[in-house]
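J.: Sharing entry.cif below, mmCIF, C-alpha atoms:
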```
data_upload
#
loop_
_atom_site.label_atom_id
_atom_site.label_comp_id
_atom_site.auth_asym_id
_atom_site.auth_seq_id
_atom_site.Cartn_x
_atom_site.Cartn_y
_atom_site.Cartn_z
CA MET A 496 0.00 0.00 0.00
CA CYS A 497 2.72 2.45 0.99
CA ARG A 498 4.79 1.84 -2.14
CA GLU A 499 1.78 2.22 -4.42
CA ALA A 500 0.70 5.41 -2.66
CA GLU A 501 4.18 6.89 -2.87
CA ASN A 502 4.22 6.24 -6.62
CA HIS A 503 1.09 8.36 -6.95
CA ASP A 504 2.31 11.27 -4.82
CA LYS A 505 3.14 13.44 -7.81
CA LEU A 506 -0.43 13.06 -9.05
CA PHE A 507 -2.24 13.83 -5.81
CA PHE A 508 0.05 16.09 -3.80
CA SER A 509 -0.19 19.88 -4.13
CA THR A 510 1.44 22.45 -1.86
CA CYS A 511 -0.10 25.41 -0.13
CA TRP A 512 1.82 27.67 -2.46
CA ALA A 513 0.49 25.82 -5.49
CA THR A 514 -3.03 26.42 -4.25
CA VAL A 515 -2.38 30.16 -3.98
CA LEU A 516 -0.89 30.27 -7.46
CA LYS A 517 -3.93 28.42 -8.74
CA ALA A 518 -6.12 31.11 -7.22
CA GLY A 519 -3.99 33.76 -8.90
CA ASP A 520 -4.18 32.11 -12.29
CA SER A 521 -7.96 31.84 -12.09
CA ALA A 522 -8.66 35.28 -10.61
CA GLU A 523 -10.14 36.62 -13.83
CA THR A 524 -12.67 33.80 -14.11
CA SER A 525 -15.31 33.98 -11.41
CA VAL A 526 -16.17 30.27 -11.34
CA GLN A 527 -12.54 29.21 -11.17
CA ALA A 528 -11.73 31.92 -8.63
CA LEU A 529 -14.55 30.81 -6.35
CA SER A 530 -13.40 27.21 -6.68
CA ALA A 531 -9.86 28.15 -5.67
CA LEU A 532 -11.20 30.34 -2.87
CA SER A 533 -13.33 27.49 -1.56
CA GLU A 534 -10.29 25.22 -1.53
CA LEU A 535 -8.29 27.77 0.44
CA CYS A 536 -11.12 28.25 2.91
CA GLN A 537 -11.57 24.56 3.56
CA ILE A 538 -7.87 24.08 4.31
CA TYR A 539 -6.99 27.24 6.23
CA TRP A 540 -10.13 28.76 7.72
CA ARG A 541 -9.87 27.14 11.16
CA PRO A 542 -6.47 28.58 12.18
CA LEU A 543 -7.52 32.03 11.01
CA TYR A 544 -10.93 31.76 12.64
CA VAL A 545 -9.54 30.76 16.05
CA PHE A 546 -7.01 33.60 15.81
CA LEU A 547 -9.83 36.09 15.31
CA ARG A 548 -11.87 34.57 18.13
CA LYS A 549 -8.89 34.85 20.44
CA LYS A 550 -8.49 38.49 19.41
CA GLY A 551 -11.96 39.12 20.79
CA TYR A 552 -14.23 38.87 17.75
CA GLY A 553 -17.59 37.15 18.22
CA ARG A 554 -18.42 33.94 16.39
CA GLU A 555 -20.37 35.56 13.56
CA ASP A 556 -17.93 38.45 13.10
CA ALA A 557 -14.96 36.07 13.07
CA GLN A 558 -16.70 33.89 10.50
CA ASP A 559 -17.53 36.89 8.31
CA LEU A 560 -14.00 38.24 8.53
CA THR A 561 -12.44 34.87 7.73
CA GLN A 562 -14.57 34.50 4.61
CA GLY A 563 -14.07 38.14 3.70
CA PHE A 564 -10.32 37.82 4.07
CA PHE A 565 -10.11 35.04 1.49
CA ALA A 566 -12.36 36.97 -0.88
CA HIS A 567 -10.18 40.04 -0.46
CA LEU A 568 -6.99 38.03 -0.95
CA ILE A 569 -8.10 36.97 -4.40
CA LYS A 570 -10.01 40.09 -5.44
CA SER A 571 -7.13 42.39 -4.53
CA ARG A 572 -4.61 39.92 -6.03
CA GLY A 573 -2.95 39.82 -2.62
CA HIS A 574 -1.89 36.30 -3.47
CA ALA A 575 0.60 37.88 -5.88
CA HIS A 576 2.65 38.78 -2.80
CA ALA A 577 2.68 35.18 -1.57
CA ASP A 578 6.27 34.67 -2.60
CA ARG A 579 7.42 31.29 -1.30
CA GLU A 580 10.97 32.59 -1.44
CA LYS A 581 10.20 35.05 1.36
CA GLY A 582 9.13 32.73 4.14
CA ARG A 583 6.68 30.21 5.47
CA PHE A 584 3.14 30.12 4.25
CA ARG A 585 1.88 29.94 7.84
CA ALA A 586 3.49 33.31 8.58
CA PHE A 587 2.43 34.87 5.28
CA LEU A 588 -1.22 34.03 5.78
CA LEU A 589 -1.34 35.34 9.36
CA THR A 590 0.43 38.56 8.40
CA ALA A 591 -1.98 39.06 5.52
CA LEU A 592 -4.95 38.56 7.85
CA LYS A 593 -3.56 41.04 10.38
CA ASN A 594 -3.15 43.62 7.63
CA PHE A 595 -6.68 42.93 6.46
CA ILE A 596 -8.34 43.48 9.84
CA ALA A 597 -6.12 46.48 10.62
CA ASP A 598 -7.38 48.38 7.58
CA ALA A 599 -10.90 49.68 8.17
CA ARG A 600 -11.54 49.87 4.45
CA ASP A 601 -10.74 46.18 4.04
CA ARG A 602 -13.50 45.30 6.47
CA GLU A 603 -16.02 46.51 3.91
CA HIS A 604 -15.05 43.50 1.81
CA ALA A 605 -16.08 41.01 4.49
CA LEU A 606 -18.66 38.61 3.07
CA LYS A 607 -21.73 37.77 5.09
CA ARG A 608 -22.54 34.17 5.82
CA GLY A 609 -23.63 32.36 2.67
CA GLY A 610 -21.66 34.73 0.44
CA GLY A 611 -20.43 32.04 -1.93
CA MET A 612 -18.15 30.08 0.37
CA ILE A 613 -18.91 27.20 2.68
CA LEU A 614 -16.93 26.80 5.86
CA GLU A 615 -17.02 23.70 7.96
CA LYS A 616 -19.71 23.66 10.63
CA LEU A 617 -18.70 25.65 13.67
CA ASP A 618 -18.85 23.20 16.55
CA ASP A 619 -19.17 23.86 20.28
CA LYS A 620 -16.12 21.70 20.99
CA MET A 621 -13.87 24.06 19.05
CA GLU A 622 -15.41 27.07 20.79
CA ALA A 623 -14.81 25.41 24.17
CA GLN A 624 -11.16 24.83 23.28
CA ILE A 625 -10.78 28.50 22.36
CA ALA A 626 -12.34 29.55 25.67
CA GLN A 627 -10.06 27.22 27.65
CA ALA A 628 -6.92 28.68 26.06
CA ALA A 629 -6.99 31.67 28.40
CA LYS A 630 -3.22 31.74 28.92
CA TRP A 631 -2.48 31.56 25.20
CA GLN A 632 -1.82 34.53 22.95
CA ALA A 633 -3.77 34.72 19.69
CA ASP A 634 -0.65 33.93 17.63
CA GLU A 635 -0.03 30.82 19.73
CA VAL A 636 -3.60 29.62 19.29
CA TYR A 637 -3.22 30.16 15.56
CA ASP A 638 -0.03 28.07 15.43
CA ARG A 639 -1.64 25.29 17.46
CA GLU A 640 -4.65 25.14 15.17
CA TRP A 641 -2.40 25.32 12.11
CA ALA A 642 -0.53 22.25 13.39
CA ALA A 643 -3.81 20.48 14.11
CA SER A 644 -5.02 21.27 10.60
CA LEU A 645 -1.92 19.72 9.06
CA VAL A 646 -2.42 16.60 11.18
CA ARG A 647 -6.06 16.34 10.09
CA GLN A 648 -5.06 16.68 6.45
CA ALA A 649 -2.42 13.99 6.82
CA LEU A 650 -4.84 11.61 8.56
CA ASP A 651 -7.53 12.24 5.96
CA ARG A 652 -5.11 11.42 3.19
CA LEU A 653 -3.93 8.30 5.00
CA ALA A 654 -7.54 7.19 5.43
CA GLN A 655 -8.18 7.68 1.72
CA GLU A 656 -5.13 5.63 0.82
CA CYS A 657 -6.22 2.84 3.15
CA ALA A 658 -9.69 2.85 1.62
CA LEU A 659 -8.25 2.64 -1.89
CA ALA A 660 -6.10 -0.29 -0.78
CA GLY A 661 -9.13 -2.10 0.65
CA LYS A 662 -7.97 -1.61 4.24
CA GLY A 663 -10.36 1.08 5.36
CA ASP A 664 -11.46 -0.97 8.37
CA LEU A 665 -7.98 -0.54 9.87
CA PHE A 666 -8.89 3.07 10.55
CA GLY A 667 -11.33 1.88 13.12
CA TYR A 668 -8.45 0.52 15.19
CA LEU A 669 -4.99 1.88 14.43
CA PRO A 670 -4.90 5.68 13.79
CA ARG A 671 -5.16 6.66 17.45
CA PHE A 672 -1.98 4.69 18.12
CA LEU A 673 0.16 6.30 15.41
CA ALA A 674 1.90 8.47 18.02
CA ALA A 675 1.71 6.05 20.96
CA PRO A 676 5.01 6.36 22.88
CA GLU A 677 4.94 2.80 24.26
CA GLU A 678 4.05 -0.35 22.37
CA SER A 679 2.79 -1.82 25.65
CA ALA A 680 0.03 0.80 25.66
CA ILE A 681 -1.44 -0.59 22.43
CA PRO A 682 -4.08 -3.31 23.01
CA PHE A 683 -3.02 -5.50 20.09
CA GLU A 684 -4.69 -8.64 21.48
CA GLU A 685 -8.06 -6.92 21.86
CA MET A 686 -7.83 -5.36 18.41
CA ALA A 687 -6.88 -8.73 16.93
CA ARG A 688 -10.03 -10.31 18.34
CA ARG A 689 -12.26 -7.50 17.14
CA SER A 690 -10.70 -7.15 13.68
CA HIS A 691 -10.20 -10.88 13.05
CA ARG A 692 -6.53 -10.31 12.34
CA THR A 693 -3.42 -11.64 13.99
CA VAL A 694 -1.37 -9.59 16.40
CA THR A 695 1.60 -9.96 14.07
CA SER A 696 -0.32 -8.55 11.10
CA LEU A 697 -1.62 -5.63 13.18
CA ARG A 698 1.88 -4.76 14.34
CA ARG A 699 3.05 -4.85 10.75
CA GLU A 700 0.16 -2.71 9.53
CA LEU A 701 0.71 -0.15 12.30
CA ALA A 702 4.40 0.12 11.39
CA ARG A 703 3.44 0.72 7.76
CA LEU A 704 0.82 3.31 8.67
CA ARG A 705 3.27 5.13 10.92
CA ALA A 706 5.89 5.24 8.15
CA ARG A 707 3.36 6.47 5.61
CA TYR A 708 1.89 9.02 8.03
CA ARG A 709 5.34 10.51 8.63
CA VAL A 710 5.89 10.81 4.88
CA ILE A 711 2.53 12.50 4.33
CA LEU A 712 2.97 14.89 7.25
CA ARG A 713 6.40 15.90 6.02
CA GLN A 714 4.91 16.55 2.58
CA GLN A 715 2.19 18.72 4.12
CA VAL A 716 4.81 20.76 5.96
CA ARG A 717 7.10 20.87 2.92
CA GLY A 718 4.38 22.71 1.05
CA THR A 719 4.49 25.55 3.58
CA VAL A 720 8.23 26.28 3.81
CA ARG A 721 10.86 27.63 1.46
CA GLU A 722 13.53 24.91 1.66
CA VAL A 723 13.54 21.19 2.37
CA ALA A 724 16.04 21.88 5.16
CA GLU A 725 13.34 23.87 7.00
CA VAL A 726 10.91 20.95 7.26
CA ASP A 727 12.40 19.43 10.41
CA GLU A 728 12.52 22.77 12.21
CA GLU A 729 8.92 23.54 11.28
CA LEU A 730 7.82 20.06 12.37
CA ARG A 731 9.51 20.48 15.74
CA TYR A 732 7.89 23.86 16.22
CA LEU A 733 4.42 22.60 15.34
CA CYS A 734 4.80 19.50 17.51
CA HIS A 735 5.76 21.76 20.40
CA ALA A 736 2.66 23.89 19.76
CA LEU A 737 0.45 20.79 19.92
CA ALA A 738 2.18 19.37 22.99
CA ALA A 739 1.75 22.62 24.89
CA ALA A 740 -2.02 22.60 24.35
#
```
Please lay out the structure from this file as structure tokens.

T.:
Amino acid sequence: MCREAENHDKLFFSTCWATVLKAGDSAETSVQALSALSELCQIYWRPLYVFLRKKGYGREDAQDLTQGFFAHLIKSRGHAHADREKGRFRAFLLTALKNFIADARDREHALKRGGGMILEKLDDKMEAQIAQAAKWQADEVYDREWAASLVRQALDRLAQECALAGKGDLFGYLPRFLAAPEESAIPFEEMARRSHRTVTSLRRELARLRARYRVILRQQVRGTVREVAEVDEELRYLCHALAAA
């Protein structure tokens, strides 16, 4: 499964920067621009939304501003300044948002709910997590949610690959143990009984999933930094942000 998936990486993998360039290329065509905008929103809205909530904006205002920011980014061709040679995409996007909300005129571009973009459903669990992060600064909450978003993307992709390989049922047992520090903490015997697999096969599958997950996560991070050499540093930083939550 891992080897087959790796052979298809060039077909399925696109970086954050590639997404922005796609938005730029399609800016003159409304349908294509909205499609690119929707893609950007689905990937990056949560980190930006929680940043705005932490800055004191209410739920509806934060949602409006998040949607309006992406609309403004494309309409004003702000994506033209998203030069991957100048830094990390995580930093670029947050700086662009800060500039957007700092300019009173930009706020006039904020789209109201239902203005052509669909964000994920705002859940109470996420709002509770924002409220509990009292000691965190808005930038720190943003980084934590950015890291969590990358993890979700990596897990979603891993789940898709498992499904394509006919091993989708493994995701009912193994994903929560991808980062388990101790093998003794993994109930292989119980999972073997429930999944009708052997302990040996489950250990082997978990090792494969872990290896593939690391590859995917590194690819996700690689799409947000300038050089390959920066991947490890960014991974360490994002892991620290998650661990401190």

J.: Can you tell me, as JSON, numbers by chain, what residues are no more than 12 Å from Val716 (chain A) when counting only C-alpha atoms, ignoring any on the same chain fewer than 2 positions away?

T.: {"A": [508, 509, 510, 511, 512, 583, 584, 585, 641, 642, 643, 644, 645, 646, 648, 649, 709, 710, 711, 712, 713, 714, 718, 719, 720, 721, 722, 723, 724, 725, 726, 727, 728, 729, 730, 731, 732, 733, 734]}

J.: At what distance in Å, to one decimal, does CA of Glu635 (chain A) lie from CA of Asp559 (chain A)?

T.: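 For CA of Asp559 (chain A) relative to CA of Glu635 (chain A), the distance reads 21.8 Å.
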
J.: Name the residues captured by the PyMOL selection byres ((chain A and resi 657) around 12) when it is applied to the shown file; answer as a PDB file with C-alpha atoms, in the coordinates of the input.

T.:
```
ATOM      1  CA  MET A 496       0.000   0.000   0.000  1.00  0.00           C
ATOM      2  CA  CYS A 497       2.720   2.450   0.990  1.00  0.00           C
ATOM      3  CA  GLU A 499       1.780   2.220  -4.420  1.00  0.00           C
ATOM      4  CA  ALA A 500       0.700   5.410  -2.660  1.00  0.00           C
ATOM      5  CA  LEU A 650      -4.840  11.610   8.560  1.00  0.00           C
ATOM      6  CA  ASP A 651      -7.530  12.240   5.960  1.00  0.00           C
ATOM      7  CA  ARG A 652      -5.110  11.420   3.190  1.00  0.00           C
ATOM      8  CA  LEU A 653      -3.930   8.300   5.000  1.00  0.00           C
ATOM      9  CA  ALA A 654      -7.540   7.190   5.430  1.00  0.00           C
ATOM     10  CA  GLN A 655      -8.180   7.680   1.720  1.00  0.00           C
ATOM     11  CA  GLU A 656      -5.130   5.630   0.820  1.00  0.00           C
ATOM     12  CA  ALA A 658      -9.690   2.850   1.620  1.00  0.00           C
ATOM     13  CA  LEU A 659      -8.250   2.640  -1.890  1.00  0.00           C
ATOM     14  CA  ALA A 660      -6.100  -0.290  -0.780  1.00  0.00           C
ATOM     15  CA  GLY A 661      -9.130  -2.100   0.650  1.00  0.00           C
ATOM     16  CA  LYS A 662      -7.970  -1.610   4.240  1.00  0.00           C
ATOM     17  CA  GLY A 663     -10.360   1.080   5.360  1.00  0.00           C
ATOM     18  CA  ASP A 664     -11.460  -0.970   8.370  1.00  0.00           C
ATOM     19  CA  LEU A 665      -7.980  -0.540   9.870  1.00  0.00           C
ATOM     20  CA  PHE A 666      -8.890   3.070  10.550  1.00  0.00           C
ATOM     21  CA  GLY A 667     -11.330   1.880  13.120  1.00  0.00           C
ATOM     22  CA  LEU A 669      -4.990   1.880  14.430  1.00  0.00           C
ATOM     23  CA  PRO A 670      -4.900   5.680  13.790  1.00  0.00           C
ATOM     24  CA  GLU A 700       0.160  -2.710   9.530  1.00  0.00           C
ATOM     25  CA  LEU A 701       0.710  -0.150  12.300  1.00  0.00           C
ATOM     26  CA  ARG A 703       3.440   0.720   7.760  1.00  0.00           C
ATOM     27  CA  LEU A 704       0.820   3.310   8.670  1.00  0.00           C
ATOM     28  CA  ARG A 707       3.360   6.470   5.610  1.00  0.00           C
ATOM     29  CA  TYR A 708       1.890   9.020   8.030  1.00  0.00           C
TER      30      TYR A 708
END
```

J.: As a PyMOL selection string, please: the residues near region 680-693 of chain A (cut-off 10 Å, all atoms listed in the file, same-chain neighbours under 2 positions excluded).

T.: chain A and resi 664-665+667-669+671-673+675-678+695-699

J.: By how many Å are CA of Asp638 (chain A) and CA of Ala738 (chain A) apart?

T.: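 Answer for the CA of Asp638 (chain A) to CA of Ala738 (chain A) separation: 11.7 Å.
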
J.: Can you measure CA of Gln562 (chain A) to CA of Ile596 (chain A) for me? One decimal in Å is fine.

T.: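 Interatomic distance here is 12.1 Å.
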
J.: Identify which of the residues A:Arg639, A:Arg647, A:Ala586, A:Val545 lies closest to His735 (chain A), counting all atoms listed in the file when measuring atom-to-atom distances.

T.: A:Arg639

J.: Go through A:Lys593, A:Arg717, A:Asp556, A:Glu640 and flag the residue nearest Trp540 (chain A), using all atoms listed in the file for the distances.

T.: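 Looking at the shortest contact to Trp540 (chain A), the residue is A:Glu640.
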
J.: Output, as JSON, the centre and edge lengths in Å (one decimal) of the axis-aligned box that contains all listed atoms of region 532-548 of chain A with 4 Å of margin on each side.

T.:
```
{"center_x": -9.9, "center_y": 30.1, "center_z": 7.6, "size_x": 14.9, "size_y": 20.0, "size_z": 29.0}
```

J.: Tell me, as a PyMOL selection string, which residues lie within 9 Å of Tyr544 (chain A), counting only C-alpha atoms; anything in the same chain fewer than 6 positions away does not count.

T.: chain A and resi 554+557-558+560-561+637

J.: For a quick check of understanding, using only C-alpha atoms, which of A:Leu588, A:Ile538, A:Ala706, A:Ala633 has the smallest distance to Phe564 (chain A)?

T.: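 Ranking A:Leu588, A:Ile538, A:Ala706, A:Ala633 by distance to Phe564 (chain A), first place goes to A:Leu588.
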
J.: Is it possible to dump region 653-664 of chain A as a PDB file, in the first residue's frame, including just all heavy atoms?

T.:
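Result file out29.pdb:
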```pdb
ATOM      1  N   LEU A 653      -4.270   9.672   4.644  1.00  0.00           N
ATOM      2  CA  LEU A 653      -3.927   8.300   5.004  1.00  0.00           C
ATOM      3  C   LEU A 653      -5.176   7.420   4.976  1.00  0.00           C
ATOM      4  O   LEU A 653      -5.126   6.272   4.501  1.00  0.00           O
ATOM      5  CB  LEU A 653      -3.293   8.273   6.394  1.00  0.00           C
ATOM      6  CG  LEU A 653      -2.675   6.950   6.849  1.00  0.00           C
ATOM      7  CD1 LEU A 653      -1.560   6.514   5.917  1.00  0.00           C
ATOM      8  CD2 LEU A 653      -2.134   7.088   8.278  1.00  0.00           C
ATOM      9  N   ALA A 654      -6.283   7.939   5.457  1.00  0.00           N
ATOM     10  CA  ALA A 654      -7.541   7.190   5.434  1.00  0.00           C
ATOM     11  C   ALA A 654      -7.976   6.896   4.002  1.00  0.00           C
ATOM     12  O   ALA A 654      -8.440   5.790   3.691  1.00  0.00           O
ATOM     13  CB  ALA A 654      -8.629   7.973   6.166  1.00  0.00           C
ATOM     14  N   GLN A 655      -7.817   7.877   3.123  1.00  0.00           N
ATOM     15  CA  GLN A 655      -8.176   7.676   1.715  1.00  0.00           C
ATOM     16  C   GLN A 655      -7.315   6.604   1.076  1.00  0.00           C
ATOM     17  O   GLN A 655      -7.813   5.761   0.310  1.00  0.00           O
ATOM     18  CB  GLN A 655      -8.037   8.997   0.959  1.00  0.00           C
ATOM     19  CG  GLN A 655      -9.043  10.058   1.366  1.00  0.00           C
ATOM     20  CD  GLN A 655      -8.728  11.411   0.764  1.00  0.00           C
ATOM     21  OE1 GLN A 655      -7.797  11.563  -0.034  1.00  0.00           O
ATOM     22  NE2 GLN A 655      -9.505  12.423   1.139  1.00  0.00           N
ATOM     23  N   GLU A 656      -6.033   6.623   1.388  1.00  0.00           N
ATOM     24  CA  GLU A 656      -5.129   5.629   0.817  1.00  0.00           C
ATOM     25  C   GLU A 656      -5.468   4.226   1.321  1.00  0.00           C
ATOM     26  O   GLU A 656      -5.428   3.257   0.564  1.00  0.00           O
ATOM     27  CB  GLU A 656      -3.681   5.981   1.142  1.00  0.00           C
ATOM     28  CG  GLU A 656      -3.206   7.237   0.430  1.00  0.00           C
ATOM     29  CD  GLU A 656      -1.755   7.573   0.741  1.00  0.00           C
ATOM     30  OE1 GLU A 656      -1.141   6.844   1.549  1.00  0.00           O
ATOM     31  OE2 GLU A 656      -1.239   8.553   0.169  1.00  0.00           O
ATOM     32  N   CYS A 657      -5.817   4.127   2.599  1.00  0.00           N
ATOM     33  CA  CYS A 657      -6.216   2.835   3.155  1.00  0.00           C
ATOM     34  C   CYS A 657      -7.487   2.331   2.476  1.00  0.00           C
ATOM     35  O   CYS A 657      -7.608   1.141   2.158  1.00  0.00           O
ATOM     36  CB  CYS A 657      -6.435   2.952   4.655  1.00  0.00           C
ATOM     37  SG  CYS A 657      -4.927   2.894   5.638  1.00  0.00           S
ATOM     38  N   ALA A 658      -8.432   3.236   2.262  1.00  0.00           N
ATOM     39  CA  ALA A 658      -9.685   2.847   1.617  1.00  0.00           C
ATOM     40  C   ALA A 658      -9.436   2.351   0.202  1.00  0.00           C
ATOM     41  O   ALA A 658     -10.010   1.340  -0.229  1.00  0.00           O
ATOM     42  CB  ALA A 658     -10.654   4.027   1.615  1.00  0.00           C
ATOM     43  N   LEU A 659      -8.573   3.051  -0.526  1.00  0.00           N
ATOM     44  CA  LEU A 659      -8.255   2.644  -1.893  1.00  0.00           C
ATOM     45  C   LEU A 659      -7.559   1.286  -1.927  1.00  0.00           C
ATOM     46  O   LEU A 659      -7.695   0.533  -2.891  1.00  0.00           O
ATOM     47  CB  LEU A 659      -7.366   3.697  -2.562  1.00  0.00           C
ATOM     48  CG  LEU A 659      -8.050   5.022  -2.920  1.00  0.00           C
ATOM     49  CD1 LEU A 659      -7.029   6.034  -3.421  1.00  0.00           C
ATOM     50  CD2 LEU A 659      -9.132   4.793  -3.982  1.00  0.00           C
ATOM     51  N   ALA A 660      -6.819   0.977  -0.851  1.00  0.00           N
ATOM     52  CA  ALA A 660      -6.100  -0.290  -0.783  1.00  0.00           C
ATOM     53  C   ALA A 660      -6.968  -1.400  -0.193  1.00  0.00           C
ATOM     54  O   ALA A 660      -6.489  -2.524  -0.001  1.00  0.00           O
ATOM     55  CB  ALA A 660      -4.838  -0.134   0.058  1.00  0.00           C
ATOM     56  N   GLY A 661      -8.244  -1.096   0.093  1.00  0.00           N
ATOM     57  CA  GLY A 661      -9.133  -2.098   0.652  1.00  0.00           C
ATOM     58  C   GLY A 661      -8.889  -2.379   2.118  1.00  0.00           C
ATOM     59  O   GLY A 661      -9.269  -3.440   2.626  1.00  0.00           O
ATOM     60  N   LYS A 662      -8.272  -1.426   2.820  1.00  0.00           N
ATOM     61  CA  LYS A 662      -7.970  -1.608   4.243  1.00  0.00           C
ATOM     62  C   LYS A 662      -8.581  -0.499   5.089  1.00  0.00           C
ATOM     63  O   LYS A 662      -8.040  -0.121   6.122  1.00  0.00           O
ATOM     64  CB  LYS A 662      -6.457  -1.650   4.449  1.00  0.00           C
ATOM     65  CG  LYS A 662      -5.776  -2.807   3.734  1.00  0.00           C
ATOM     66  CD  LYS A 662      -4.279  -2.832   4.001  1.00  0.00           C
ATOM     67  CE  LYS A 662      -3.621  -4.022   3.318  1.00  0.00           C
ATOM     68  NZ  LYS A 662      -2.172  -4.085   3.582  1.00  0.00           N
ATOM     69  N   GLY A 663      -9.717  -0.009   4.647  1.00  0.00           N
ATOM     70  CA  GLY A 663     -10.359   1.076   5.360  1.00  0.00           C
ATOM     71  C   GLY A 663     -10.758   0.718   6.776  1.00  0.00           C
ATOM     72  O   GLY A 663     -10.814   1.586   7.651  1.00  0.00           O
ATOM     73  N   ASP A 664     -11.044  -0.566   7.027  1.00  0.00           N
ATOM     74  CA  ASP A 664     -11.456  -0.968   8.371  1.00  0.00           C
ATOM     75  C   ASP A 664     -10.350  -0.786   9.397  1.00  0.00           C
ATOM     76  O   ASP A 664     -10.620  -0.678  10.597  1.00  0.00           O
ATOM     77  CB  ASP A 664     -11.914  -2.424   8.370  1.00  0.00           C
ATOM     78  CG  ASP A 664     -10.812  -3.373   7.934  1.00  0.00           C
ATOM     79  OD1 ASP A 664     -10.115  -3.070   6.949  1.00  0.00           O
ATOM     80  OD2 ASP A 664     -10.655  -4.422   8.590  1.00  0.00           O
TER      81      ASP A 664
END
```
